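For reference, the structure is listed below as structure tokens.
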Amino acid sequence: MAGIPHLQWSNSISVRVDSIDAQHKKLFEITNRLIDAFEAGSGDFLEVIGELVEYTTIHFHDEQMVMMNAKFPGLAAHTAEHDKFIAKVEDFLQAYSEGHKDAGRTMLVFLKDWLFAHTSDLDMEFAQYLAKKSAK
């Protein structure tokens, strides 16, 4: 089975808010450590998932506050996507704790793919809003 590729940060997915970009970079780094722990069969897997979930919660709060302060019209929809993510991760963690064979890999692929898609698509809507707002 092929290894899971790491996430790669690129300035093309910068939202141009330093604090949020720094958090995105840290989320990528934690996710990459999670990939390494999973592929090594390390006992650190659940510990790193815990770290990722905790940091993601902080990030979602901070990002939503920045969006609210900027009066981003897509805030409600963006927050709903964050809430769906949290529910999905809770489902995966439940399945993993119940010993479902493929839950760990399935969860990891979901986390990685969701984080990249969310950062490169939905967060870019906010970046474009900010760019238009600052151009006025």
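Going through the structure tokens in order, the chains are called A, B, and so on, while each chain numbers its residues from 1 and the ligands are numbered from 1 in the order shown.
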
Taking the chain letters and numbering used in this document, name the residues of range 18-135 of chain A that DSSP puts in alpha helix (DSSP H), as a ChimeraX atom specification. /A:18-39,45-69,75-97,103-117,123-135

Taking 2 positions as the minimum chain separation for residues in the same chain, which residues sit within 12 Å of Ala77 in chain A when counting only C-alpha atoms? Answer as a PyMOL selection string. chain A and resi 64+67+72-75+79-84+122-123+125-126

Any chance you can output those residues with C-alpha atoms as a PDB file, in the first residue's frame?
ATOM      1  CA  GLN A  64     -14.114  32.589  12.924  1.00  0.00           C
ATOM      2  CA  MET A  67     -13.984  36.500   9.862  1.00  0.00           C
ATOM      3  CA  PHE A  72     -17.246  38.227   6.189  1.00  0.00           C
ATOM      4  CA  PRO A  73     -20.666  37.407   4.681  1.00  0.00           C
ATOM      5  CA  GLY A  74     -19.736  33.721   4.340  1.00  0.00           C
ATOM      6  CA  LEU A  75     -19.088  33.267   8.067  1.00  0.00           C
ATOM      7  CA  THR A  79     -18.678  27.843  10.497  1.00  0.00           C
ATOM      8  CA  ALA A  80     -21.103  25.115   9.373  1.00  0.00           C
ATOM      9  CA  GLU A  81     -18.224  23.452   7.468  1.00  0.00           C
ATOM     10  CA  HIS A  82     -16.107  23.559  10.634  1.00  0.00           C
ATOM     11  CA  ASP A  83     -18.974  21.974  12.590  1.00  0.00           C
ATOM     12  CA  LYS A  84     -19.377  19.186   9.991  1.00  0.00           C
ATOM     13  CA  LEU A 122     -13.058  27.760   1.326  1.00  0.00           C
ATOM     14  CA  ASP A 123     -10.406  29.804   3.082  1.00  0.00           C
ATOM     15  CA  GLU A 125     -13.056  32.773  -0.457  1.00  0.00           C
ATOM     16  CA  PHE A 126     -12.241  34.688   2.707  1.00  0.00           C
TER      17      PHE A 126
END

Counting only C-alpha atoms, what is within 8 Å of range 47-54 of chain A, bar same-chain residues fewer than 6 positions away, as a PyMOL selection string? chain A and resi 27+30-31+33-34+37

Atomic distance CA of His61 in chain A - CA of Lys133 in chain A, expressed in Å with one decimal: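 Distance reported for this atom pair: 22.0 Å.
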
Would you mind listing what lies within 9 Å of Val17 in chain A as a short mmCIF file (atom, residue, chain, number, x, y, z; two decimals) with N, CA and C atoms, in the first residue's frame, with only C-alpha atoms counted and same-chain residues fewer than 4 positions away left out?
data_model
loop_
_atom_site.label_atom_id
_atom_site.label_comp_id
_atom_site.auth_asym_id
_atom_site.auth_seq_id
_atom_site.Cartn_x
_atom_site.Cartn_y
_atom_site.Cartn_z
N ASP A 21 -2.45 32.22 8.73
CA ASP A 21 -1.48 31.46 7.92
C ASP A 21 -0.56 30.63 8.82
N ALA A 22 -0.12 31.22 9.93
CA ALA A 22 0.75 30.48 10.86
C ALA A 22 0.01 29.27 11.42
N VAL A 66 -11.71 36.23 13.36
CA VAL A 66 -11.15 37.11 12.33
C VAL A 66 -12.21 37.39 11.27
N ALA A 127 -10.00 34.99 1.77
CA ALA A 127 -8.85 35.77 1.31
C ALA A 127 -9.27 36.73 0.20
#

Would you mind telling me which residue in A:Asp121, A:Lys112, A:Ser10, A:Phe45 lies nearest to Tyr96 in chain A when using only C-alpha atoms?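 Closest candidate: A:Phe45.
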
9 Å contact set for Phe28 in chain A, only C-alpha atoms, chain neighbours under 3 positions out, as a count of residues only: 13

Of A:Ala131, A:Ile4, A:Leu93, A:Leu111, the one sitting nearest Ala70 in chain A when using only C-alpha atoms is A:Ala131
